[in-house]
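**Q** Structure file my_file.cif, mmCIF, C-alpha atoms, is pasted below:
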```
data_start
#
loop_
_atom_site.label_atom_id
_atom_site.label_comp_id
_atom_site.auth_asym_id
_atom_site.auth_seq_id
_atom_site.Cartn_x
_atom_site.Cartn_y
_atom_site.Cartn_z
CA MET A 231 0.00 0.00 0.00
CA PHE A 232 2.83 2.41 0.81
CA LYS A 233 5.56 0.62 -1.18
CA SER A 234 4.99 3.00 -4.07
CA LEU A 235 6.26 5.93 -1.99
CA ILE A 236 9.64 5.26 -3.55
CA GLU A 237 8.24 5.17 -7.08
CA LYS A 238 6.69 8.58 -6.55
CA ASN A 239 10.08 10.24 -5.98
CA GLU A 240 9.99 11.50 -9.54
CA LYS A 241 6.49 12.91 -9.16
CA ARG A 242 7.69 14.72 -6.02
CA SER A 243 10.89 15.99 -7.62
CA GLN A 244 10.71 19.35 -5.82
CA LEU A 245 9.45 18.11 -2.45
CA TYR A 246 12.93 17.28 -1.08
CA MET A 247 13.54 21.07 -1.06
CA MET A 248 11.29 21.24 2.00
CA ALA A 249 13.35 18.68 3.90
CA GLN A 250 16.95 18.97 2.68
CA HIS A 251 18.36 18.34 6.15
CA LEU A 252 15.98 15.53 7.07
CA ASN A 253 17.35 12.03 7.61
CA THR A 254 14.91 9.76 9.38
CA CYS A 255 13.15 6.42 9.41
CA PHE A 256 9.46 6.20 10.23
CA MET A 257 6.85 3.49 10.26
CA ILE A 258 3.42 3.53 8.67
CA SER A 259 1.05 0.94 10.05
CA THR A 260 -2.31 -0.22 8.77
CA ILE A 261 -2.48 -2.51 11.83
CA GLU A 262 -2.33 -5.65 9.60
CA HIS A 263 0.69 -4.39 7.64
CA GLU A 264 3.70 -2.28 8.49
CA TYR A 265 6.01 -0.24 6.28
CA LEU A 266 9.39 1.22 7.26
CA VAL A 267 10.21 4.34 5.26
CA ASN A 268 13.80 5.61 5.09
CA ILE A 269 14.40 9.22 4.16
CA GLU A 270 17.76 10.77 3.34
CA LYS A 271 18.07 14.48 2.70
CA GLY A 272 14.35 14.66 2.03
CA VAL A 273 14.31 11.81 -0.54
CA VAL A 274 12.66 8.43 0.10
CA LYS A 275 15.51 5.94 -0.20
CA ASN A 276 13.80 2.75 0.82
CA VAL A 277 10.39 1.38 1.79
CA GLU A 278 10.42 -2.02 3.46
CA GLU A 279 7.24 -3.98 4.09
CA GLY A 280 6.93 -6.08 7.27
CA PRO A 281 6.41 -8.22 9.19
CA PHE A 282 9.39 -7.10 11.26
CA VAL A 283 10.99 -8.80 14.25
CA MET A 284 12.72 -5.80 15.84
CA PRO A 285 11.92 -2.74 13.77
CA SER A 286 13.78 0.43 14.63
CA TYR A 287 12.18 3.75 13.75
CA VAL A 288 11.83 7.29 15.04
CA PHE A 289 8.07 7.71 14.87
CA LYS A 290 5.05 5.74 13.78
CA LEU A 291 1.72 6.59 12.15
CA THR A 292 -1.01 4.04 12.75
CA ALA A 293 -4.48 3.95 11.23
CA PRO A 294 -6.72 1.11 10.04
CA LYS A 295 -6.38 0.24 6.36
CA ASN A 296 -9.85 1.55 5.50
CA GLU A 297 -8.93 4.95 6.96
CA TRP A 298 -5.70 5.11 4.93
CA LEU A 299 -7.71 4.19 1.82
CA LYS A 300 -10.06 7.08 2.47
CA PHE A 301 -7.07 9.41 2.91
CA LEU A 302 -5.58 8.18 -0.36
CA GLN A 303 -8.60 8.94 -2.54
CA HIS A 304 -8.12 11.52 -5.29
CA THR A 305 -10.43 13.92 -3.47
CA PRO A 306 -10.78 12.70 0.11
CA HIS A 307 -13.94 13.40 2.03
CA PRO A 308 -13.94 15.85 4.97
CA GLY A 309 -12.17 14.36 7.94
CA SER A 310 -10.03 12.08 5.77
CA HIS A 311 -8.22 14.76 3.78
CA ASP A 312 -5.42 15.45 6.25
CA ILE A 313 -3.45 13.50 8.87
CA ILE A 314 -4.34 16.02 11.59
CA ALA A 315 -8.01 15.66 10.58
CA MET A 316 -7.61 11.92 11.14
CA LEU A 317 -5.90 12.58 14.45
CA ARG A 318 -8.87 14.75 15.43
CA ARG A 319 -11.25 11.86 14.63
CA LYS A 320 -8.98 9.57 16.69
CA VAL A 321 -8.53 7.14 13.79
CA LEU A 322 -4.82 7.93 13.41
CA LYS A 323 -2.23 7.72 16.15
CA PHE A 324 1.12 9.55 16.26
CA GLU A 325 3.76 7.79 18.38
CA GLY A 326 7.47 8.10 19.11
CA ASP A 327 9.76 11.09 18.73
CA LEU A 328 7.54 13.46 16.76
CA HIS A 329 10.20 16.12 16.17
CA PRO A 330 11.04 15.08 12.58
CA LEU A 331 7.32 14.92 11.76
CA MET A 332 6.26 18.19 13.35
CA SER A 333 9.28 20.15 12.13
CA HIS A 334 8.51 18.96 8.56
CA LEU A 335 4.74 18.72 8.88
CA LEU A 336 3.81 20.03 5.45
CA TYR A 337 6.53 17.87 3.85
CA PHE A 338 5.07 14.70 5.37
CA LYS A 339 1.52 15.70 4.46
CA LEU A 340 2.55 16.21 0.83
CA LEU A 341 4.68 13.07 0.84
CA LEU A 342 1.71 10.91 1.83
CA ALA A 343 -0.68 12.82 -0.43
CA SER A 344 1.62 12.05 -3.39
CA LEU A 345 0.17 8.53 -3.30
CA ARG A 346 -3.23 9.85 -4.31
CA PRO A 347 -4.19 9.08 -7.91
CA ALA A 348 -3.79 11.92 -10.39
CA GLU A 349 -7.18 11.15 -11.91
CA SER A 350 -10.42 11.00 -10.00
CA LYS A 351 -11.80 7.47 -9.74
CA ASN A 352 -13.55 5.15 -7.23
CA GLU A 353 -15.02 8.21 -5.50
CA ASN A 354 -18.14 7.71 -3.48
CA MET B 223 2.73 48.81 -18.32
CA LYS B 224 -0.57 50.12 -17.01
CA ILE B 225 -1.43 48.80 -13.58
CA GLU B 226 -4.87 48.42 -12.14
CA LYS B 227 -4.93 49.69 -8.58
CA GLU B 228 -7.08 47.91 -6.04
CA PRO B 229 -9.69 50.05 -4.22
CA ILE B 230 -8.12 49.28 -0.81
CA SER B 231 -6.51 51.91 1.38
CA GLY B 232 -4.44 51.16 4.48
CA GLN B 233 -3.89 53.30 7.55
CA TYR B 234 -2.26 53.26 10.96
CA ALA B 235 -3.43 54.80 14.23
CA LYS B 236 -2.78 54.33 17.91
CA PHE B 237 -5.63 52.86 19.95
CA LYS B 238 -5.83 52.57 23.72
CA ILE B 239 -6.77 48.99 24.60
CA ASP B 240 -7.19 48.24 28.30
CA GLY B 241 -5.12 51.33 29.09
CA ILE B 242 -2.18 50.40 26.85
CA GLU B 243 -1.42 52.06 23.52
CA TYR B 244 -1.23 49.86 20.42
CA ARG B 245 -0.29 50.90 16.89
CA ILE B 246 -2.90 49.23 14.72
CA TYR B 247 -3.01 48.81 10.96
CA TRP B 248 -6.24 48.44 9.04
CA GLU B 249 -7.44 48.34 5.47
CA GLU B 250 -10.75 49.45 4.11
CA ALA B 251 -12.72 49.87 0.91
CA GLY B 252 -16.27 50.77 -0.11
CA GLN B 253 -18.99 52.84 1.41
CA GLY B 254 -22.20 52.33 3.34
CA ILE B 255 -22.85 49.97 6.22
CA PRO B 256 -19.63 49.34 8.17
CA LEU B 257 -18.60 45.68 7.93
CA VAL B 258 -15.73 44.94 10.31
CA CYS B 259 -13.95 41.67 9.50
CA LEU B 260 -11.89 39.67 11.99
CA HIS B 261 -9.07 37.42 10.81
CA THR B 262 -8.17 33.97 12.17
CA ALA B 263 -5.61 33.02 14.81
CA GLY B 264 -2.01 33.57 13.75
CA SER B 265 -2.88 35.31 10.49
CA ASP B 266 -3.81 38.85 9.44
CA GLY B 267 -6.29 40.97 7.51
CA ARG B 268 -5.06 39.90 4.07
CA GLN B 269 -7.43 36.95 4.44
CA TYR B 270 -10.22 39.31 3.38
CA ARG B 271 -8.51 40.53 0.18
CA ALA B 272 -11.32 39.24 -2.04
CA LEU B 273 -14.05 40.93 -0.02
CA LEU B 274 -12.10 44.19 -0.10
CA ASN B 275 -12.05 43.94 -3.87
CA ASP B 276 -15.63 42.89 -4.52
CA LYS B 277 -17.28 45.78 -6.38
CA LYS B 278 -20.86 44.76 -5.63
CA ILE B 279 -20.25 44.45 -1.89
CA LEU B 280 -18.31 47.73 -1.82
CA GLU B 281 -21.31 49.59 -3.27
CA ARG B 282 -23.27 48.92 -0.08
CA PHE B 283 -20.67 48.13 2.58
CA ARG B 284 -17.64 49.88 3.99
CA VAL B 285 -15.47 46.80 4.51
CA ILE B 286 -12.87 47.34 7.23
CA VAL B 287 -10.25 44.81 8.30
CA PHE B 288 -7.75 45.41 11.08
CA ASP B 289 -4.70 43.38 12.00
CA MET B 290 -4.87 42.39 15.65
CA PRO B 291 -2.02 43.64 17.87
CA TRP B 292 1.11 41.49 17.26
CA HIS B 293 -0.29 40.37 13.86
CA GLY B 294 0.35 41.47 10.29
CA LYS B 295 1.40 45.14 10.19
CA SER B 296 0.09 45.98 13.67
CA SER B 297 2.75 46.35 16.34
CA PRO B 298 3.25 44.64 19.67
CA PRO B 299 2.94 47.05 22.61
CA GLU B 300 5.87 48.88 24.16
CA ASN B 301 8.16 46.63 26.26
CA ALA B 302 6.84 43.50 24.56
CA LYS B 303 8.84 40.27 24.91
CA VAL B 304 8.87 37.26 22.60
CA GLY B 305 6.97 34.38 24.14
CA ASN B 306 4.62 36.18 26.49
CA TYR B 307 1.70 36.72 24.10
CA LYS B 308 -1.55 35.08 25.17
CA LEU B 309 -4.92 36.21 23.83
CA SER B 310 -7.60 36.46 26.49
CA THR B 311 -11.32 36.88 25.90
CA ASP B 312 -11.32 40.27 27.64
CA PHE B 313 -8.41 41.61 25.61
CA TYR B 314 -9.96 40.38 22.36
CA ILE B 315 -13.28 42.07 23.15
CA SER B 316 -11.48 45.26 24.22
CA GLN B 317 -9.48 45.54 21.02
CA ILE B 318 -12.58 45.12 18.85
CA MET B 319 -14.58 47.68 20.83
CA SER B 320 -11.62 50.15 20.93
CA PHE B 321 -11.26 49.85 17.18
CA ILE B 322 -14.97 50.35 16.52
CA ASN B 323 -15.17 53.30 18.92
CA GLY B 324 -11.95 54.81 17.58
CA LEU B 325 -13.33 54.82 14.04
CA GLU B 326 -16.70 56.07 15.39
CA LEU B 327 -18.55 53.28 13.64
CA VAL B 328 -22.25 53.22 14.43
CA LYS B 329 -23.92 49.80 14.60
CA PRO B 330 -21.46 47.98 12.37
CA VAL B 331 -21.82 44.43 11.16
CA VAL B 332 -18.99 42.30 12.54
CA MET B 333 -17.90 39.14 10.74
CA GLY B 334 -15.22 36.92 12.23
CA CYS B 335 -13.66 33.61 11.28
CA SER B 336 -12.43 30.89 13.65
CA ILE B 337 -11.31 32.82 16.77
CA GLY B 338 -13.28 35.64 15.16
CA GLY B 339 -16.23 33.28 14.81
CA ARG B 340 -15.95 32.58 18.53
CA ILE B 341 -15.59 36.17 19.66
CA ILE B 342 -18.73 37.26 17.82
CA LEU B 343 -20.60 34.97 20.24
CA HIS B 344 -19.08 36.87 23.16
CA LEU B 345 -20.08 40.14 21.46
CA ALA B 346 -23.62 38.81 21.05
CA ILE B 347 -23.78 37.98 24.75
CA ASN B 348 -22.24 41.23 26.01
CA PHE B 349 -23.18 43.95 23.51
CA PRO B 350 -26.18 42.83 21.43
CA ASP B 351 -27.38 46.42 20.97
CA LYS B 352 -24.12 47.64 19.49
CA PHE B 353 -24.29 45.70 16.24
CA ARG B 354 -26.52 45.61 13.20
CA ALA B 355 -25.70 41.93 12.73
CA LEU B 356 -23.00 39.40 13.58
CA ILE B 357 -21.63 36.81 11.18
CA GLY B 358 -19.68 33.82 12.46
CA LEU B 359 -17.53 31.80 10.09
CA GLN B 360 -16.35 28.46 11.47
CA SER B 361 -18.00 29.19 14.80
CA ALA B 362 -18.07 26.73 17.67
CA GLY B 363 -18.84 27.33 21.32
CA HIS B 364 -15.76 25.49 22.51
CA LEU B 365 -12.93 23.35 21.25
CA ASP B 366 -11.13 20.60 23.09
CA PRO B 367 -7.42 20.37 22.17
CA TYR B 368 -6.78 17.60 19.65
CA TYR B 369 -3.06 18.16 19.07
CA ASP B 370 -0.27 19.52 21.26
CA ILE B 371 -0.12 23.25 20.48
CA ASN B 372 3.33 23.51 22.11
CA TRP B 373 4.72 22.42 18.74
CA LEU B 374 3.68 25.81 17.38
CA HIS B 375 6.34 27.62 19.39
CA ARG B 376 9.58 25.77 20.00
CA GLN B 377 13.01 27.13 19.25
CA ASP B 378 13.99 23.82 17.60
CA VAL B 379 11.07 23.92 15.14
CA HIS B 380 10.63 26.67 12.54
CA GLY B 381 7.41 28.39 13.56
CA GLY B 382 6.51 29.46 10.03
CA GLU B 383 6.91 25.93 8.70
CA VAL B 384 4.83 24.24 11.38
CA CYS B 385 2.09 26.90 11.50
CA GLY B 386 1.87 26.78 7.69
CA GLY B 387 1.64 22.98 7.83
CA ILE B 388 -1.18 23.12 10.35
CA ALA B 389 -3.10 25.76 8.37
CA TYR B 390 -2.69 23.91 5.07
CA GLY B 391 -4.51 20.83 6.32
CA LEU B 392 -7.47 22.86 7.51
CA MET B 393 -8.30 23.82 3.94
CA ALA B 394 -10.37 21.85 1.45
CA PRO B 395 -8.56 19.76 -1.17
CA THR B 396 -10.96 21.31 -3.66
CA SER B 397 -9.94 24.92 -2.97
CA PRO B 398 -7.68 26.57 -5.59
CA GLU B 399 -4.00 25.86 -4.86
CA SER B 400 -2.93 29.49 -5.36
CA GLU B 401 -5.41 30.77 -2.77
CA LYS B 402 -4.47 27.95 -0.41
CA PHE B 403 -0.81 28.82 -0.76
CA GLU B 404 -1.44 32.49 -0.03
CA THR B 405 -3.54 31.55 3.02
CA MET B 406 -0.75 29.28 4.25
CA TRP B 407 1.86 31.95 3.51
CA HIS B 408 0.19 34.37 5.92
CA TYR B 409 0.63 31.73 8.62
CA MET B 410 4.25 31.26 7.65
CA GLN B 411 4.80 34.97 8.25
CA GLY B 412 3.39 35.12 11.78
CA GLY B 413 5.62 36.08 14.71
CA PRO B 414 6.99 33.44 17.10
CA GLY B 415 4.35 32.17 19.50
CA ILE B 416 1.52 34.29 18.13
CA PHE B 417 -0.58 31.49 16.63
CA LYS B 418 -0.13 29.51 19.84
CA GLY B 419 -1.00 32.58 21.93
CA ASP B 420 -4.22 33.06 19.95
CA LEU B 421 -5.14 29.42 20.48
CA PHE B 422 -5.10 30.02 24.22
CA PHE B 423 -8.31 31.98 23.59
CA TYR B 424 -9.67 29.46 21.08
CA LYS B 425 -9.07 26.29 23.08
CA PHE B 426 -9.23 27.50 26.68
CA ASP B 427 -10.12 31.04 27.74
CA GLY B 428 -12.75 31.73 25.10
CA ASN B 429 -14.71 28.50 25.48
CA ILE B 430 -18.39 29.19 26.07
CA GLY B 431 -20.58 26.76 27.93
CA ASN B 432 -24.12 27.46 29.01
CA GLU B 433 -23.62 31.18 28.37
CA ILE B 434 -24.58 30.46 24.76
CA LYS B 435 -28.17 30.36 25.97
CA LYS B 436 -27.92 34.06 26.78
CA ILE B 437 -27.67 34.92 23.08
CA ASP B 438 -30.88 36.56 21.91
CA ASN B 439 -31.11 36.52 18.16
CA SER B 440 -34.00 38.99 18.22
CA LYS B 441 -31.74 41.69 19.69
CA CYS B 442 -29.04 41.19 17.08
CA PRO B 443 -29.35 38.83 14.10
CA ILE B 444 -26.64 36.18 13.98
CA TYR B 445 -25.59 34.21 10.92
CA LEU B 446 -23.39 31.12 11.12
CA LEU B 447 -21.56 29.58 8.16
CA THR B 448 -19.08 26.71 8.28
CA GLY B 449 -17.02 25.00 5.59
CA GLU B 450 -17.50 21.24 5.31
CA TYR B 451 -13.76 20.47 5.34
CA ASP B 452 -13.11 22.23 8.64
CA TYR B 453 -12.09 19.74 11.31
CA SER B 454 -11.28 22.43 13.86
CA ALA B 455 -14.78 23.90 14.10
CA THR B 456 -16.78 21.21 12.37
CA PRO B 457 -20.19 21.77 10.72
CA GLU B 458 -21.65 19.47 13.41
CA GLU B 459 -20.33 21.77 16.15
CA THR B 460 -21.70 24.86 14.44
CA LYS B 461 -25.03 23.06 14.03
CA SER B 462 -25.16 22.31 17.74
CA LEU B 463 -24.39 25.97 18.47
CA ALA B 464 -27.05 27.16 16.02
CA ASP B 465 -29.62 24.79 17.56
CA THR B 466 -28.94 26.24 21.00
CA ILE B 467 -29.36 29.79 19.72
CA GLY B 468 -32.41 28.74 17.71
CA ILE B 469 -31.17 29.69 14.27
CA GLU B 470 -30.23 27.89 11.05
CA MET B 471 -26.60 27.37 10.09
CA ILE B 472 -25.21 27.18 6.60
CA LYS B 473 -22.83 24.39 5.67
CA MET B 474 -20.55 25.54 2.87
CA LYS B 475 -19.49 22.87 0.40
CA ASN B 476 -15.94 22.62 -0.94
CA VAL B 477 -14.35 24.94 1.62
CA GLY B 478 -12.51 24.44 4.85
CA HIS B 479 -11.49 26.61 7.80
CA PHE B 480 -10.64 29.79 5.84
CA PRO B 481 -13.53 30.29 3.39
CA MET B 482 -12.89 33.99 2.62
CA SER B 483 -9.23 33.32 1.83
CA GLU B 484 -8.90 29.74 0.54
CA ASN B 485 -11.85 29.88 -1.85
CA PRO B 486 -13.39 33.38 -2.00
CA LYS B 487 -15.43 32.64 -5.11
CA GLU B 488 -17.24 29.77 -3.42
CA PHE B 489 -17.56 31.68 -0.14
CA LEU B 490 -19.18 34.73 -1.71
CA LYS B 491 -21.96 32.54 -3.10
CA TYR B 492 -22.98 31.90 0.51
CA LEU B 493 -22.19 35.33 1.93
CA ASN B 494 -23.96 37.50 -0.63
CA PRO B 495 -27.54 36.42 0.25
CA ILE B 496 -26.78 37.20 3.91
CA LEU B 497 -25.39 40.63 3.08
CA ASN B 498 -28.51 41.24 0.96
CA LYS B 499 -30.67 40.50 4.00
CA ILE B 500 -28.61 42.75 6.25
CA SER B 501 -28.63 45.70 3.85
#
```
Step by step, read the file and then write its structure as C-alpha cells.
**A**
Amino acid sequence: MFKSLIEKNEKRSQLYMMAQHLNTCFMISTIEHEYLVNIEKGVVKNVEEGPFVMPSYVFKLTAPKNEWLKFLQHTPHPGSHDIIAMLRRKVLKFEGDLHPLMSHLLYFKLLLASLRPAESKNEN
Amino acid sequence: MKIEKEPISGQYAKFKIDGIEYRIYWEEAGQGIPLVCLHTAGSDGRQYRALLNDKKILERFRVIVFDMPWHGKSSPPENAKVGNYKLSTDFYISQIMSFINGLELVKPVVMGCSIGGRIILHLAINFPDKFRALIGLQSAGHLDPYYDINWLHRQDVHGGEVCGGIAYGLMAPTSPESEKFETMWHYMQGGPGIFKGDLFFYKFDGNIGNEIKKIDNSKCPIYLLTGEYDYSATPEETKSLADTIGIEMIKMKNVGHFPMSENPKEFLKYLNPILNKIS
C-alpha cells in the first residue's frame, strides 16, 4: 500500500527542497501491515514492508487500512483529507519522537498525499 | 505597463486597549454599512482581500479589516517580549470595541472567522445592541485540544513551517492551490508564539458553555456559516451551536477553515444572500 512511496520520488521531484536536512526512518502501520520508510536528505531511499521482528524507527503513524484508503482517494472526504483531521477523529495515532514529523509537517503531508491518484476514480 | 490599482486603502493609528497604547493597521474599501472583518488566529487581515475587492459588496458596505495587535502590520505594545503573548477573551473584546469606537462606527456588522467566529458569540452575549448583525464563520462554542499546540512555538522547530503545515490541512482539497498557498503563507509569516498565543483563547479562555443560551437573536441577528472540510470547528459543532441559539446554520461545500481566503469565489456565493438580508 505504501511501497509505491519510492516510485513517486519523480512525481515529487521538488518536495525534497522542503526537507533537505531531514534524515529519518518512520513506520506507517495499517495494523495488519507495516512499512518502514527511510528518508535521506528529504528523498525516500527505501520502503520495506513487514512483518518485522525488531523494527527500529523514530516515529510511527497508525491507522486502520480503510482509513488510509479514504485518505488516499483523489479527493478525500472531509475528515479524511489530512493526517491532523484523522488525528482529530482519533482514527490515526502519532507515536514516538515526533520532532522530525512536526518540524517537517507540510513535507510529510505532501509526501503521503503524493500517493493519491492523479485522476479521479472510485469516488463515493 | 498600465497597472490596475485595487480600491483598498491602508492606515495606521494608535488605539488605547485596556489602558495600553497599540499601533494598529487596518485596510478598508467601499462605502455604506460598516462591515468589520476579523481574521483567524495567527494570520492577518489579508485573508479578506477578495471581499475588499468585490465591487458589488463595496457599493453597499464599507469593509474594514484590522490586524490584531502582534499580527500582520500591527505592532506589539511597548516593552513586549517574545513568548509572552496570550490572547484572552477580555483583551480580544477590548481591542474590537476600541477599534470600533476609535473609528466612530455606528452599529457595524462584525464578521469573524475561527477565533473571530468565537468572539462574535461573546459580542452577542455582552453587547447585542451595538451591532446591526454578527456573522460567524467556522464558529463553535468550545474546542477541546486535539493536538499539542506547544509544537507551534519551539526554538527547535521553525514556527513558520509548522504553523503553515497546520493551516494547510485545515483547507479543502478542492480549494484553488494558489489561494491555499497564499492563506498558508500568511501563517508562515506570523511572529513566534503568536498562533499559539491566539489558540489560548480558542481552546481555553474563550470556550463558552451554558452562556450560549444568553444569546438573543431577536436583539441582534446572527448568521453562522461553516465549511465542510473544517475539522477544527466542524459543521456538526456549528449546528449544535445554532440549535442552542435557535437559528439555522449554513454548511458551505468545498471549503474548509478559511472560506474567505482559501476559496473566495465559493464563499461569496454563501455570503452575498446574507449581506442582501442585512442591507
**Q** Pull out every residue of chain B that has at least one atom within 10 Å of chain A, counting all atoms listed in the file, and report them as a VMD selection string.
**A** chain B and resid 366 to 369 373 to 374 376 378 to 396 449 to 454 456 476 to 478
**Q** Would you list the contacts of stretch 322-327 of chain B as number ranges by chain, taking every protein, DNA or RNA residue within 9 Å and counting all atoms listed in the file, but skipping same-chain residues closer than 2 positions in sequence?
**A** B: 237-238, 256, 258, 317-320, 329-330
**Q** Determine the nearest neighbour of B:Arg245 from the options B:Arg271, B:His261, B:Lys277, B:Lys295, counting only C-alpha atoms.
**A**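 Selected residue with least distance to B:Arg245: B:Lys295.
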**Q** Given the PyMOL selection byres ((chain B and resi 250) around 8) and the file above, list the residues it selects as an MDAnalysis selection string.
**A** chainID B and resid 230:232 248:249 251:252 274 284:287
**Q** Would you compute the distance between atom CA of B:Thr262 and atom CA of B:Lys425? Give it in Å to one decimal.
**A** 13.4 Å
**Q** For the atom pair atom CA of B:Gly428 and atom CA of B:Ser310, what is the interatomic distance in Å to one decimal place?
**A** 7.1 Å
**Q** Distance atom CA of A:Gln303-atom CA of A:Phe232, one decimal place?
**A**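 Here the two named atoms are 13.6 Å from each other.
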**Q** Would you mind telling me which residue in B:Pro414, B:Glu433, B:Phe403, B:Gly334 lies nearest to B:Tyr270 when using all atoms listed in the file?
**A**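 Between B:Pro414, B:Glu433, B:Phe403, B:Gly334, the residue approaching B:Tyr270 most closely is B:Gly334.
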**Q** Could you tell me which residues the PyMOL selection byres ((chain B and resi 488-491) around 12) returns for this structure, as a PyMOL selection string?
**A** chain B and resi 270+272-276+278-279+359+394+396-398+401+447-450+472-487+492-498
**Q** Take the PyMOL selection byres ((chain A and resi 273) around 12), run it mentally on this structure, and tell me the resulting residues as a PyMOL selection string.
**A** chain A and resi 235-255+267-272+274-277+337-338+341
**Q** Using all atoms listed in the file, which of B:Ile341, B:Ile430, B:Met223, B:Met290 sits nearest B:Ile246?
**A**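 Looking only at the distances to B:Ile246, the closest residue turns out to be B:Met290.
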**Q** Would you pick out the contacts of B:Glu459 at 8 Å or less, using only C-alpha atoms, so that residues sharing its chain but fewer than 2 positions from it are not included, and give the list as a ChimeraX atom specification?
**A** /B:361-363,455-457,461-463
**Q** Please rebuild stretch 288-301 of chain A with N, CA, C and O atoms and return the result as an mmCIF file, keeping the file's coordinate frame.
**A**
```
data_model
loop_
_atom_site.group_PDB
_atom_site.id
_atom_site.type_symbol
_atom_site.label_atom_id
_atom_site.label_comp_id
_atom_site.auth_asym_id
_atom_site.auth_seq_id
_atom_site.Cartn_x
_atom_site.Cartn_y
_atom_site.Cartn_z
ATOM 1 N N VAL A 288 11.866 6.091 14.188
ATOM 2 C CA VAL A 288 11.830 7.290 15.040
ATOM 3 C C VAL A 288 10.394 7.592 15.475
ATOM 4 O O VAL A 288 10.137 7.899 16.616
ATOM 5 N N PHE A 289 9.481 7.506 14.522
ATOM 6 C CA PHE A 289 8.070 7.710 14.870
ATOM 7 C C PHE A 289 7.196 6.805 14.022
ATOM 8 O O PHE A 289 7.661 6.232 13.024
ATOM 9 N N LYS A 290 5.957 6.690 14.443
ATOM 10 C CA LYS A 290 5.050 5.740 13.780
ATOM 11 C C LYS A 290 3.672 6.364 13.596
ATOM 12 O O LYS A 290 3.168 7.044 14.511
ATOM 13 N N LEU A 291 3.084 6.141 12.438
ATOM 14 C CA LEU A 291 1.720 6.590 12.150
ATOM 15 C C LEU A 291 0.842 5.361 11.977
ATOM 16 O O LEU A 291 1.098 4.557 11.068
ATOM 17 N N THR A 292 -0.157 5.222 12.814
ATOM 18 C CA THR A 292 -1.010 4.040 12.750
ATOM 19 C C THR A 292 -2.465 4.408 12.515
ATOM 20 O O THR A 292 -3.038 5.233 13.243
ATOM 21 N N ALA A 293 -3.040 3.802 11.489
ATOM 22 C CA ALA A 293 -4.480 3.950 11.230
ATOM 23 C C ALA A 293 -4.961 2.669 10.555
ATOM 24 O O ALA A 293 -4.181 2.008 9.849
ATOM 25 N N PRO A 294 -6.208 2.290 10.746
ATOM 26 C CA PRO A 294 -6.720 1.110 10.040
ATOM 27 C C PRO A 294 -6.651 1.296 8.521
ATOM 28 O O PRO A 294 -6.731 2.439 8.031
ATOM 29 N N LYS A 295 -6.536 0.195 7.826
ATOM 30 C CA LYS A 295 -6.380 0.240 6.360
ATOM 31 C C LYS A 295 -7.498 1.059 5.683
ATOM 32 O O LYS A 295 -7.252 1.853 4.782
ATOM 33 N N ASN A 296 -8.734 0.840 6.161
ATOM 34 C CA ASN A 296 -9.850 1.550 5.500
ATOM 35 C C ASN A 296 -9.724 3.074 5.652
ATOM 36 O O ASN A 296 -10.123 3.847 4.776
ATOM 37 N N GLU A 297 -9.120 3.510 6.764
ATOM 38 C CA GLU A 297 -8.930 4.950 6.960
ATOM 39 C C GLU A 297 -7.828 5.471 6.036
ATOM 40 O O GLU A 297 -7.950 6.565 5.483
ATOM 41 N N TRP A 298 -6.746 4.695 5.873
ATOM 42 C CA TRP A 298 -5.700 5.110 4.930
ATOM 43 C C TRP A 298 -6.272 5.154 3.504
ATOM 44 O O TRP A 298 -5.930 6.049 2.721
ATOM 45 N N LEU A 299 -7.126 4.195 3.171
ATOM 46 C CA LEU A 299 -7.710 4.190 1.820
ATOM 47 C C LEU A 299 -8.545 5.436 1.576
ATOM 48 O O LEU A 299 -8.537 6.004 0.491
ATOM 49 N N LYS A 300 -9.254 5.846 2.613
ATOM 50 C CA LYS A 300 -10.060 7.080 2.470
ATOM 51 C C LYS A 300 -9.138 8.285 2.290
ATOM 52 O O LYS A 300 -9.414 9.168 1.487
ATOM 53 N N PHE A 301 -8.043 8.312 3.035
ATOM 54 C CA PHE A 301 -7.070 9.410 2.910
ATOM 55 C C PHE A 301 -6.463 9.459 1.508
ATOM 56 O O PHE A 301 -6.176 10.523 0.975
#
```
